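Here the structure is laid out as structure tokens; the discussion comes afterwards.
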Amino acid sequence: MSDSKSPTAAYFNKLISLIGQLDCDDIDNVCELVEEAWKNGKQIITLGNGGSSLTALHMINDWNKSIFIETKRQFRGRSLVDNIGLLMSYANDVSFQDAFVEQLKNILQPGDLVIGISGSGNSENVIRAIQYANENGAVTLGLSGYTGGKLKNIVQHSVWVPINDMQIVEDIHMAIAHIVMQKLCGWIK
């Protein structure tokens, strides 16, 4: 993979280098947070914009299906990006910045786990949702990149991917989702 002329090798070398810099304890903590919420019957709620919205949706898809199939134990996961009509209604009628907060007002219960995903850490609608969740008894987790932005500083738990490369950040966030799934399914110890 050391071929300096290959864009594939360059990308993978950057990814491999970053993986070596990550704090595995932070990622293990994500597994523990999701497992605790799940075993206590709490909701696990994800949200994000752009590529992060798809990561939020992919997480819940994998966790709801695979964890339930493997364990036969109900998994109460939902993503605030999966109902485009509802999301757009709030964005149009209230504001895009409050589209996630307005959804949380209807469903959030104390002890639920709210996972905000923002590559930059500065997506205003994610920030507002996390602030609301913090003020209303939820457990909050942020996945960010770049400098971590505001998100890194306001969540109760954080995984920060320290690189200024959105695609690498998104790769790591998706890997975290898969680690959680495999851990809770019992496929990795």
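We label chains A, B, ... in the order they appear in the structure tokens, count residues from 1 in each chain, and number ligands from 1 in the order shown.
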Inset, instruction - For Trp187 in chain A, please output as a list in words all residues within 12 Å (counting only C-alpha atoms; exclusion window: fewer than 5 positions along the same chain). - result: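 Surrounding residues, per the criterion: Ser66, Ile67, Glu70, Thr71, His178, Ile179, Val180, Met181 and Gln182 of chain A.
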Legend entry - Selection near Thr147 in chain A, 12 Å with only C-alpha atoms, sequence-local residues under 2 positions removed, as a ChimeraX atom specification: /A:118-122,143-145,149-153,159-166,169
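Assigned to strand (DSSP E) in range 75-138 of chain A, given DSSP computed from backbone atoms, are A:Gly77, A:Arg78, A:Ser79, A:Leu113, A:Val114, A:Ile115, A:Gly116, A:Ile117, A:Ser118.
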Inset, instruction - Looking only at helix (DSSP H, G or I) from DSSP on the backbone, list the matching residues of range 41-93 of chain A as a ChimeraX atom specification. - result: /A:50-71,84-93
Legend entry - Counting only C-alpha atoms, the residue of A:Tyr132, A:Phe75, A:Phe12, A:Tyr146 that sits nearest Pro110 in chain A: A:Tyr132
Inset, instruction - Please provide as a list of chain:residue names all residues within 12 Å of Lys14 in chain A, with the sequence filter that same-chain residues fewer than 2 positions apart are discarded (counting only C-alpha atoms). - result: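 My list of contacting residues is A:Met1, A:Ser2, A:Ser4, A:Pro7, A:Thr8, A:Ala9, A:Ala10, A:Tyr11, A:Phe12, A:Ile16, A:Ser17, A:Leu18, A:Ile19, A:Gly20, A:Gln21, A:Pro162, A:Ile163, A:Asn164, A:Asp165, A:Gln167, A:Ile168, A:Val169, A:Asp171, A:Ile172.
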Writing out the chosen residues with N, CA and C atoms as a short mmCIF file (atom, residue, chain, number, x, y, z; two decimals), in the first residue's frame:
data_model
loop_
_atom_site.label_atom_id
_atom_site.label_comp_id
_atom_site.auth_asym_id
_atom_site.auth_seq_id
_atom_site.Cartn_x
_atom_site.Cartn_y
_atom_site.Cartn_z
N MET A 1 0.81 -1.19 0.00
CA MET A 1 0.00 0.00 0.00
C MET A 1 0.86 1.26 0.00
N SER A 2 2.11 1.14 -0.14
CA SER A 2 2.97 2.31 -0.05
C SER A 2 3.16 3.02 -1.39
N SER A 4 3.03 5.62 -3.72
CA SER A 4 2.68 7.03 -3.55
C SER A 4 1.90 7.58 -4.74
N PRO A 7 -4.04 6.76 -5.75
CA PRO A 7 -4.97 7.47 -4.86
C PRO A 7 -5.58 6.54 -3.82
N THR A 8 -5.76 5.28 -4.17
CA THR A 8 -6.30 4.31 -3.22
C THR A 8 -5.34 4.11 -2.06
N ALA A 9 -4.06 3.92 -2.38
CA ALA A 9 -3.06 3.74 -1.33
C ALA A 9 -2.96 4.98 -0.46
N ALA A 10 -3.02 6.16 -1.08
CA ALA A 10 -2.95 7.41 -0.31
C ALA A 10 -4.10 7.51 0.68
N TYR A 11 -5.31 7.18 0.21
CA TYR A 11 -6.49 7.25 1.08
C TYR A 11 -6.37 6.25 2.22
N PHE A 12 -6.05 5.00 1.88
CA PHE A 12 -5.94 3.98 2.92
C PHE A 12 -4.81 4.27 3.89
N ILE A 16 -5.43 4.46 7.82
CA ILE A 16 -4.68 3.59 8.73
C ILE A 16 -3.92 4.42 9.77
N SER A 17 -3.31 5.51 9.32
CA SER A 17 -2.58 6.38 10.24
C SER A 17 -3.52 6.95 11.30
N LEU A 18 -4.70 7.37 10.89
CA LEU A 18 -5.66 7.94 11.83
C LEU A 18 -6.16 6.89 12.83
N ILE A 19 -6.44 5.70 12.36
CA ILE A 19 -6.93 4.65 13.25
C ILE A 19 -5.97 4.46 14.43
N GLY A 20 -4.68 4.55 14.17
CA GLY A 20 -3.69 4.42 15.22
C GLY A 20 -3.72 5.54 16.24
N GLN A 21 -4.36 6.66 15.90
CA GLN A 21 -4.42 7.81 16.81
C GLN A 21 -5.70 7.84 17.65
N PRO A 162 -9.81 13.18 15.01
CA PRO A 162 -8.96 14.37 14.82
C PRO A 162 -8.32 14.45 13.43
N ILE A 163 -9.15 14.75 12.44
CA ILE A 163 -8.63 14.92 11.09
C ILE A 163 -9.55 15.87 10.32
N ASN A 164 -8.96 16.69 9.47
CA ASN A 164 -9.73 17.62 8.64
C ASN A 164 -10.02 17.00 7.28
N ASP A 165 -10.74 15.89 7.30
CA ASP A 165 -11.08 15.17 6.08
C ASP A 165 -12.44 14.51 6.32
N GLN A 167 -14.50 12.67 4.60
CA GLN A 167 -14.75 11.27 4.24
C GLN A 167 -14.09 10.31 5.24
N ILE A 168 -12.90 10.64 5.69
CA ILE A 168 -12.24 9.81 6.70
C ILE A 168 -13.02 9.86 8.01
N VAL A 169 -13.49 11.04 8.38
CA VAL A 169 -14.31 11.18 9.59
C VAL A 169 -15.54 10.27 9.48
N ASP A 171 -15.96 7.65 7.60
CA ASP A 171 -15.55 6.24 7.65
C ASP A 171 -15.43 5.76 9.10
N ILE A 172 -14.80 6.56 9.93
CA ILE A 172 -14.60 6.18 11.34
C ILE A 172 -15.94 6.13 12.07
#
Inset, instruction - Calculate how many Å separate CA of Asn29 in chain A from CA of Ala99 in chain A, rounding to one decimal. - result: 28.1 Å
Legend entry - Surrounding residues of Tyr90 in chain A excluding itself and chain neighbours under 3 positions, 9 Å, only C-alpha atoms, as number ranges by chain: A: 85-87, 93-96, 98-100, 102-103
Inset, instruction - Excluding Ile117 in chain A and residues on its chain fewer than 2 positions from it, collect all residues at most 6 Å away from it, counting only C-alpha atoms, and give them as a PyMOL selection string. - result: chain A and resi 48+52+142-143
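Residue neighbourhood of Asn125 in chain A, excluding near-sequence residues (fewer than 2 positions): A:Gln97, A:Asp98, A:Ser123, A:Ile127, A:Arg128, at 6 Å, using only C-alpha atoms.
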Same residues, N, CA and C atoms, saved as a JSON list (two decimals), in the first residue's frame:
[["chain", "number", "residue", "atom", "x", "y", "z"],
["A", 97, "GLN", "N", -32.99, 24.76, 11.83],
["A", 97, "GLN", "CA", -32.16, 24.67, 13.03],
["A", 97, "GLN", "C", -32.88, 23.97, 14.18],
["A", 98, "ASP", "N", -34.22, 23.98, 14.15],
["A", 98, "ASP", "CA", -34.99, 23.35, 15.23],
["A", 98, "ASP", "C", -35.69, 22.07, 14.81],
["A", 123, "SER", "N", -22.90, 21.70, 13.37],
["A", 123, "SER", "CA", -24.23, 21.75, 12.76],
["A", 123, "SER", "C", -25.23, 22.27, 13.79],
["A", 127, "ILE", "N", -26.53, 20.76, 17.39],
["A", 127, "ILE", "CA", -26.17, 21.43, 18.65],
["A", 127, "ILE", "C", -27.43, 21.70, 19.47],
["A", 128, "ARG", "N", -28.44, 22.26, 18.83],
["A", 128, "ARG", "CA", -29.68, 22.58, 19.56],
["A", 128, "ARG", "C", -30.35, 21.32, 20.11]]
Inset, instruction - Using only C-alpha atoms, find the one residue out of A:Leu184, A:Val34, A:Leu57, A:Ala175 that sits nearest to Gly111 in chain A. - result: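 Checking each of A:Leu184, A:Val34, A:Leu57, A:Ala175 against Gly111 in chain A, counting only C-alpha atoms, the winner is A:Val34.
Rounded to one decimal, CA of Val114 in chain A and CA of Lys189 in chain A lie 24.4 Å from each other.
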Legend entry - Interatomic distance, CA of Gln43 in chain A to CA of Ala133 in chain A (Å, one decimal):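 Pair CA of Gln43 in chain A / CA of Ala133 in chain A returns 12.4 Å.
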Legend entry - Residue nearest Gln109 in chain A among A:Val126, A:Ile45, A:Leu54, A:Leu22 (counting only C-alpha atoms):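 Answer, going by the shortest atom-to-atom distance: A:Ile45.
Using only C-alpha atoms, the nearest neighbour of Asp62 in chain A within the list A:Ser79, A:Gln156, A:Asn49, A:Asn40 is A:Ser79.
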